[in-house]
Amino acid sequence: MPPNSQPSPPVSPDGTTDEDAVLAVRAGKGDTAAFGALYDRYVEAVYRYVYYRVHSDTDAEDLVSDVFMRALRAIPRYEPRQAFLAWLYRIARNAVIDRARRTRIQISFEDALAHPGVDQIVEPDAGLLALADKETVRAAIARLTPLQQEVIVLRFVEGYSTSEIANLVGKREGTVRGIQFRALEMLRTLIPSREALA
Amino acid sequence: MSRRERRGILERPVMRKSFRTELRSRLLSEAAVVLAPRPRRFVPSWTILRPALAVAALALVVAWGTTSAAAVSLPGEPLYAVKRASEDVQLTLTFDDVARMQLLAELADRRLDELARTAEQQPSNAPTATTEYADAVTKFTNAVDELRDADSEDKRNAAQAVADAAREKHLAVLDAIKDRVPETTRSEIDSLIDDEQQGIAPSEHANPRGRETPHPEASTAPRATPRATLRPAGTPRPSGHD
């Protein structure tokens with residue numbers, strides 16, 4: 001994509017953008033079955049999106065519930081010009097931010113120092129995410145900025161391309177690459193390498 | 001790296017099936033209420049709004065124009081009553097006695113200005129303007145007198161300061177205009193000047209508003225019960241006041 005061109009509309013991985021918009025418009029007009037279909041289609045994606053941004057499965061479930069309740073109330077105002085999934089992710093993003101404000105989760109400097117391997121440099125590739133254990137990765141991702149968390153989850157959980165992520169978060173591809181690069185750098189300092197732990 | 005490969009890098013968590021089912025059920029129950037069609041609120045159409053807005057705009061223009069015209073009107077003109085009514089409302093809504101005295105001072109100044117303009121532009125209305133001025137000075141001096149009896153020294157000082165300032169100003173203006181008014185009114189102006197110099201209210205010889213201006217000779221008659229007002233600082237209050 002040329003640097004100054006407008007981003008194309010976001011497309012979900014299975015190419016259901018148009019169908020989503022039709023369902024969303026129907027839901028906005030009172031078709032509860034249409035809303036149910038959208039729920040079935042995206043509830044797992046939303047769960048995965050919020051899972052790495054909170055500390056427990058229970059919190060993730062609370063957030064999923066919050067996201068779909070917000071979507072339900074907002075769907076009469078949904079504009080089909082925007083891809084439904086991007087719209088839903090935006091609601092999820094706001095829900096995560098609001099929750100963080102409410103609970104005022106603060107990670108102290110001492111906590112960061114106490115984290116194993118914080119001062120150890122590991123291999124500079126995304127493979128470290130696969131090699132580290134689940135809880136360590138989750139704790140490390142939770143320490144990234146909200147946008148870094150979002151990009152990492154969309155990239156390495158959902159498998160979206162940089163271009164698709166750019167559309168979903170409303171940023172340019174180059175910006176997304178930069179966010180991803182800095183997020184991985186941060187994760188390298190937070191996640192110990194297998195060799196370091198051995 | 002393919003999408004499938006990227007997806008494999010981080011674990012893809014799966015939510016509890018029971019939670020997913022329970023949430024779906026809860027959402028659809030809520031959706032039946034939230035997404036139910038609502039009765040449309042009455043929104044007035046443009047067809048109705050347009051004439052109403054036009055009438056409102058016209059009323060505003062008329063009210064604004066009337067008020068503006070009234071503000072510059074002089075005694076004897078049709079809109080002068082509007083101006084006075086507006087002042088009366090303002091006076092009624094002023095409850096603080098010092099503020100009220102200051103407002104009465106402003107109104108006396110305004111009447112004096114009207115008298116000066118009337119003498120210049122419409123000499124035939126000068127008697128009416130003189131009466132209006134005398135009436136305003138009477139109200140002002142009564143307010144000053146009441147404040148001079150106040151317990152608070154601040155109020156007494158404020159009353160004296162305003163009275164002194166008004167006295168100086170009014171004497172200068174009256175002196176300047178007395179030669180420009182008709183002969184019939186000149187003697188009244190002289191009397192007002194005399195009262196100001198002696199610190200006496202003009203109520204005894206100036207005509208109340210709405211009454212016919214008496215013959216000039218009549219105004220020279222001795223005052224029955226003079227009231228001391230606007231007297232210079234330090235002068236005693238006349239005994240006839242009480």
# chains A, B, ... in the order shown; residues from 1 in each chain; ligands from 1
>>> closest_atom_pairs(of="chain B", to="chain A", cutoff="12 Å", atoms="only C-alpha atoms", output="Markdown table")
| residue | atom | partner | partner_atom | distance |
| --- | --- | --- | --- | --- |
| B:Met1 | CA | A:Ser161 | CA | 9.5 |
| B:Ser2 | CA | A:Gly159 | CA | 8.2 |
| B:Arg3 | CA | A:Gly159 | CA | 4.8 |
| B:Arg4 | CA | A:Gly159 | CA | 6.6 |
| B:Glu5 | CA | A:Gly159 | CA | 7.6 |
| B:Arg6 | CA | A:Gly159 | CA | 4.9 |
| B:Arg7 | CA | A:Gly159 | CA | 4.4 |
| B:Gly8 | CA | A:Phe156 | CA | 7.1 |
| B:Ile9 | CA | A:Ala130 | CA | 5.0 |
| B:Leu10 | CA | A:Val157 | CA | 5.4 |
| B:Glu11 | CA | A:Val157 | CA | 6.7 |
| B:Arg12 | CA | A:Val157 | CA | 5.8 |
| B:Pro13 | CA | A:Arg48 | CA | 6.0 |
| B:Val14 | CA | A:Glu44 | CA | 7.0 |
| B:Met15 | CA | A:Tyr47 | CA | 6.8 |
| B:Arg16 | CA | A:Glu61 | CA | 8.8 |
| B:Lys17 | CA | A:Glu44 | CA | 10.3 |
| B:Ser18 | CA | A:Glu61 | CA | 11.3 |
| B:Phe19 | CA | A:Glu61 | CA | 7.7 |
| B:Arg20 | CA | A:Val43 | CA | 7.9 |
| B:Thr21 | CA | A:Asp40 | CA | 9.7 |
| B:Glu22 | CA | A:Ser65 | CA | 10.2 |
| B:Leu23 | CA | A:Ser65 | CA | 6.7 |
| B:Arg24 | CA | A:Gly36 | CA | 7.1 |
| B:Ser25 | CA | A:Gly36 | CA | 9.0 |
| B:Arg26 | CA | A:Ser65 | CA | 9.4 |
| B:Leu27 | CA | A:Met69 | CA | 6.9 |
| B:Leu28 | CA | A:Thr32 | CA | 6.2 |
| B:Ser29 | CA | A:Thr32 | CA | 8.8 |
| B:Glu30 | CA | A:Leu72 | CA | 8.3 |
| B:Ala31 | CA | A:Thr32 | CA | 5.9 |
| B:Ala32 | CA | A:Thr32 | CA | 6.4 |
| B:Val33 | CA | A:Gly30 | CA | 9.2 |
| B:Val34 | CA | A:Arg73 | CA | 6.6 |
| B:Leu35 | CA | A:Gly30 | CA | 4.5 |
| B:Ala36 | CA | A:Gly30 | CA | 5.5 |
| B:Pro37 | CA | A:Gly30 | CA | 6.7 |
| B:Arg38 | CA | A:Gly30 | CA | 10.1 |
>>> write_last_selection(atoms="C-alpha atoms", output="JSON list (two decimals), in the first residue's frame")
[["chain", "number", "residue", "atom", "x", "y", "z"],
["B", 1, "MET", "CA", 4.92, -16.30, 7.84],
["B", 2, "SER", "CA", 1.39, -17.49, 7.09],
["B", 3, "ARG", "CA", -1.71, -16.62, 9.08],
["B", 4, "ARG", "CA", -1.90, -20.15, 10.39],
["B", 5, "GLU", "CA", 1.71, -19.94, 11.56],
["B", 6, "ARG", "CA", 1.16, -16.60, 13.23],
["B", 7, "ARG", "CA", -1.91, -17.95, 14.99],
["B", 8, "GLY", "CA", 0.16, -20.70, 16.50],
["B", 9, "ILE", "CA", 2.63, -18.40, 18.19],
["B", 10, "LEU", "CA", 0.44, -17.48, 21.13],
["B", 11, "GLU", "CA", -2.02, -19.80, 22.78],
["B", 12, "ARG", "CA", -5.60, -19.27, 21.58],
["B", 13, "PRO", "CA", -7.63, -19.39, 24.77],
["B", 14, "VAL", "CA", -11.12, -20.86, 24.61],
["B", 15, "MET", "CA", -13.90, -19.55, 26.81],
["B", 16, "ARG", "CA", -16.03, -21.80, 28.95],
["B", 17, "LYS", "CA", -18.91, -23.21, 26.97],
["B", 18, "SER", "CA", -21.32, -22.75, 29.86],
["B", 19, "PHE", "CA", -20.41, -19.08, 30.13],
["B", 20, "ARG", "CA", -20.80, -18.60, 26.42],
["B", 21, "THR", "CA", -24.26, -20.16, 26.44],
["B", 22, "GLU", "CA", -25.38, -18.31, 29.54],
["B", 23, "LEU", "CA", -24.18, -14.95, 28.17],
["B", 24, "ARG", "CA", -25.93, -15.57, 24.86],
["B", 25, "SER", "CA", -29.19, -16.25, 26.61],
["B", 26, "ARG", "CA", -28.83, -13.15, 28.79],
["B", 27, "LEU", "CA", -27.99, -10.96, 25.79],
["B", 28, "LEU", "CA", -30.94, -12.11, 23.74],
["B", 29, "SER", "CA", -33.31, -11.46, 26.65],
["B", 30, "GLU", "CA", -31.85, -8.00, 26.99],
["B", 31, "ALA", "CA", -32.00, -7.50, 23.20],
["B", 32, "ALA", "CA", -35.74, -8.14, 23.21],
["B", 33, "VAL", "CA", -36.10, -5.07, 25.44],
["B", 34, "VAL", "CA", -33.28, -2.84, 24.17],
["B", 35, "LEU", "CA", -33.96, -3.37, 20.47],
["B", 36, "ALA", "CA", -37.76, -3.29, 20.72],
["B", 37, "PRO", "CA", -39.24, -0.55, 18.51],
["B", 38, "ARG", "CA", -40.07, 2.52, 20.55]]
>>> residues_around(residues="Ala99 in chain B", least_positions_apart="6", cutoff="12 Å", atoms="only C-alpha atoms", output="PyMOL selection string")
chain B and resi 90-93+105-106+140+143-144+147+155+158-159+162
>>> select_by_dssp(residues="range 56-190 of chain B", states="helix (DSSP H, G or I)", output="ChimeraX atom specification")
/B:56-71,80-92,97-121,123-148,153-177,183-190
>>> residues_around(residues="Ala139 in chain A", least_positions_apart="2", cutoff="9 Å", atoms="only C-alpha atoms", output="PyMOL selection string")
chain A and resi 52-55+134-137+141-143+190
>>> atom_distance(atom1="CA of Trp46 in chain B", atom2="CA of Val25 in chain A")
28.5 Å
